[in-house]
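Undergrad: Can you read through this structure? Questions will come right after.
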Amino acid sequence: MATPVTTDEIYERYLRKAITEINRLSHEIAQAADGAPTALPTGHPLANIFLLKYGPQAQELQEGVAFHGRAGSALIKSLQRLHVDPLEVYGTNCVKFAGCDLALAADWLRRELRIVEPKLIVVMGEDAAEFLNGVGYALATPIDVALDDLQRFTPTIEALAVPDIDLALDEAPAKTAFWNAFKAVGPWWAALPPY
């Protein structure tokens, strides 16, 4: 008679599979970049919150990691202020490197969403929303950037459209606009069941 598999064992198997798939995807991105600087995805591969912006900044390309630098620091502070566990967040760019083939980038983003299976996707900026709307993700409803509340992206994923964080770091009104939109993540997180 076989021993039953515990919930923890099931989770560990899913986690190992997700790590393997993200590593495989990162390797494919690096190969496609052919030596060009890339900003690979970062965060937990089974995160509840999926952060998405359009393209990498210089610091991200220099370090090779999405959300490295000023944007990442601002987001960590914002998540801490909202009492959201930063270890429950995955971050990526629509376009991973300069000159990236957009059809390939769309395929990578679809794969990332399938691997991570987030409960919330935070779309940063109109260009990221337009890109996400165009990837053809299964059962997806287009994101409306004019709405400043949670939206249904798929039957299992909610979405929140916020201003582009990279454009919001240098001026007080832009910071305030970003914060006012992003702070909806806090109540969403607090309402998640504890299991």
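Order determines the names: the first chain of the structure tokens is A, the second B, and so forth; residues in each chain are numbered 1 upward, and ligands are numbered 1 upward as they are shown.
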Please build the interface table for stretch 126-158 of chain A against stretch 28-49 of chain A with a cut-off of 12 Å, listing for each qualifying residue the nearest atom pair and the distance in Å to one decimal; count only C-alpha atoms, order rows by chain and increasing number, and write it as CSV.
TA:
```
residue,atom,partner,partner_atom,distance
A:Thr156,CA,A:Asn48,CA,11.1
A:Ile157,CA,A:Asn48,CA,9.4
A:Glu158,CA,A:Ile49,CA,9.7
```
Undergrad: Go ahead and write the selection's residues with N, CA and C atoms as a compact mmCIF listing (two decimals), in the first residue's frame.
TA:
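Contents of out-v5.txt, freshly written:
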```txt
# COMPACT_ATOMS: atom_id res chain seq x y z
N THR A 156 -8.85 32.99 -12.93
CA THR A 156 -8.09 32.75 -11.70
C THR A 156 -7.09 33.86 -11.35
N ILE A 157 -6.97 34.87 -12.21
CA ILE A 157 -5.99 35.94 -11.99
C ILE A 157 -6.68 37.30 -12.03
N GLU A 158 -6.48 38.08 -10.97
CA GLU A 158 -6.94 39.47 -10.98
C GLU A 158 -5.80 40.34 -11.48
```
Undergrad: Taking the chain letters and numbering used in this document, name the residues of stretch 41-191 of chain A that DSSP puts in strand (DSSP E), as number ranges by chain.
TA: A: 42-43, 49-53, 89-93, 120-124, 151-152, 158-162
Undergrad: Between atom CA of A:Val84 and atom CA of A:Glu21, what is the spacing in Å?
TA: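 Separating atom CA of A:Glu21 from atom CA of A:Val84 is a distance of 25.5 Å.
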Undergrad: Considering only C-alpha atoms, state which residue in the set A:Leu52, A:Ala140, A:Leu82, A:Val185 is at the smallest distance from A:Val95.
TA: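 Among the listed residues, the smallest separation from A:Val95 belongs to A:Leu52.
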Undergrad: Run DSSP on the backbone and give me the residues of chain A it puts in alpha helix (DSSP H), as a PyMOL selection string.
TA: chain A and resi 7-33+58-63+70-81+102-116+126-134+172-182+185-190
Undergrad: List the neighbours of stretch 128-139 of chain A out to 7 Å using only C-alpha atoms; skip same-chain residues closer than 5 positions along the sequence, and give me the result as a list in words.
TA: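 Surrounding residues, per the criterion: Leu52, Lys53, Tyr54, Cys94, Ala106, Arg110, Val123 and Thr154 of chain A.
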Undergrad: Restricting the calculation to only C-alpha atoms, which member of A:His83, A:Phe153, A:Ala159, A:Asp170 is positioned closest to A:Pro187?
TA: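 So, comparing all the options, the nearest one is A:His83.
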Undergrad: Which of these residues is nearest to A:Val116, using only C-alpha atoms: A:Pro155, A:Gly99, A:Gly91, A:Gly186?
TA: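 Of the candidates, the smallest distance to A:Val116 is held by A:Gly91.
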Undergrad: With only C-alpha atoms as the basis for distance, which of A:Ala161, A:Leu113, A:Leu79, A:Ala71 is at the shortest distance from A:Trp189?
TA: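 The answer is A:Leu79, which sits nearest to A:Trp189.
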Undergrad: Using only C-alpha atoms for the distances, tell me which of A:Ala18, A:Gln151, A:Ala172, A:Gly64 is nearest to A:Phe97.
TA: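 Ranking A:Ala18, A:Gln151, A:Ala172, A:Gly64 by distance to A:Phe97, first place goes to A:Gly64.
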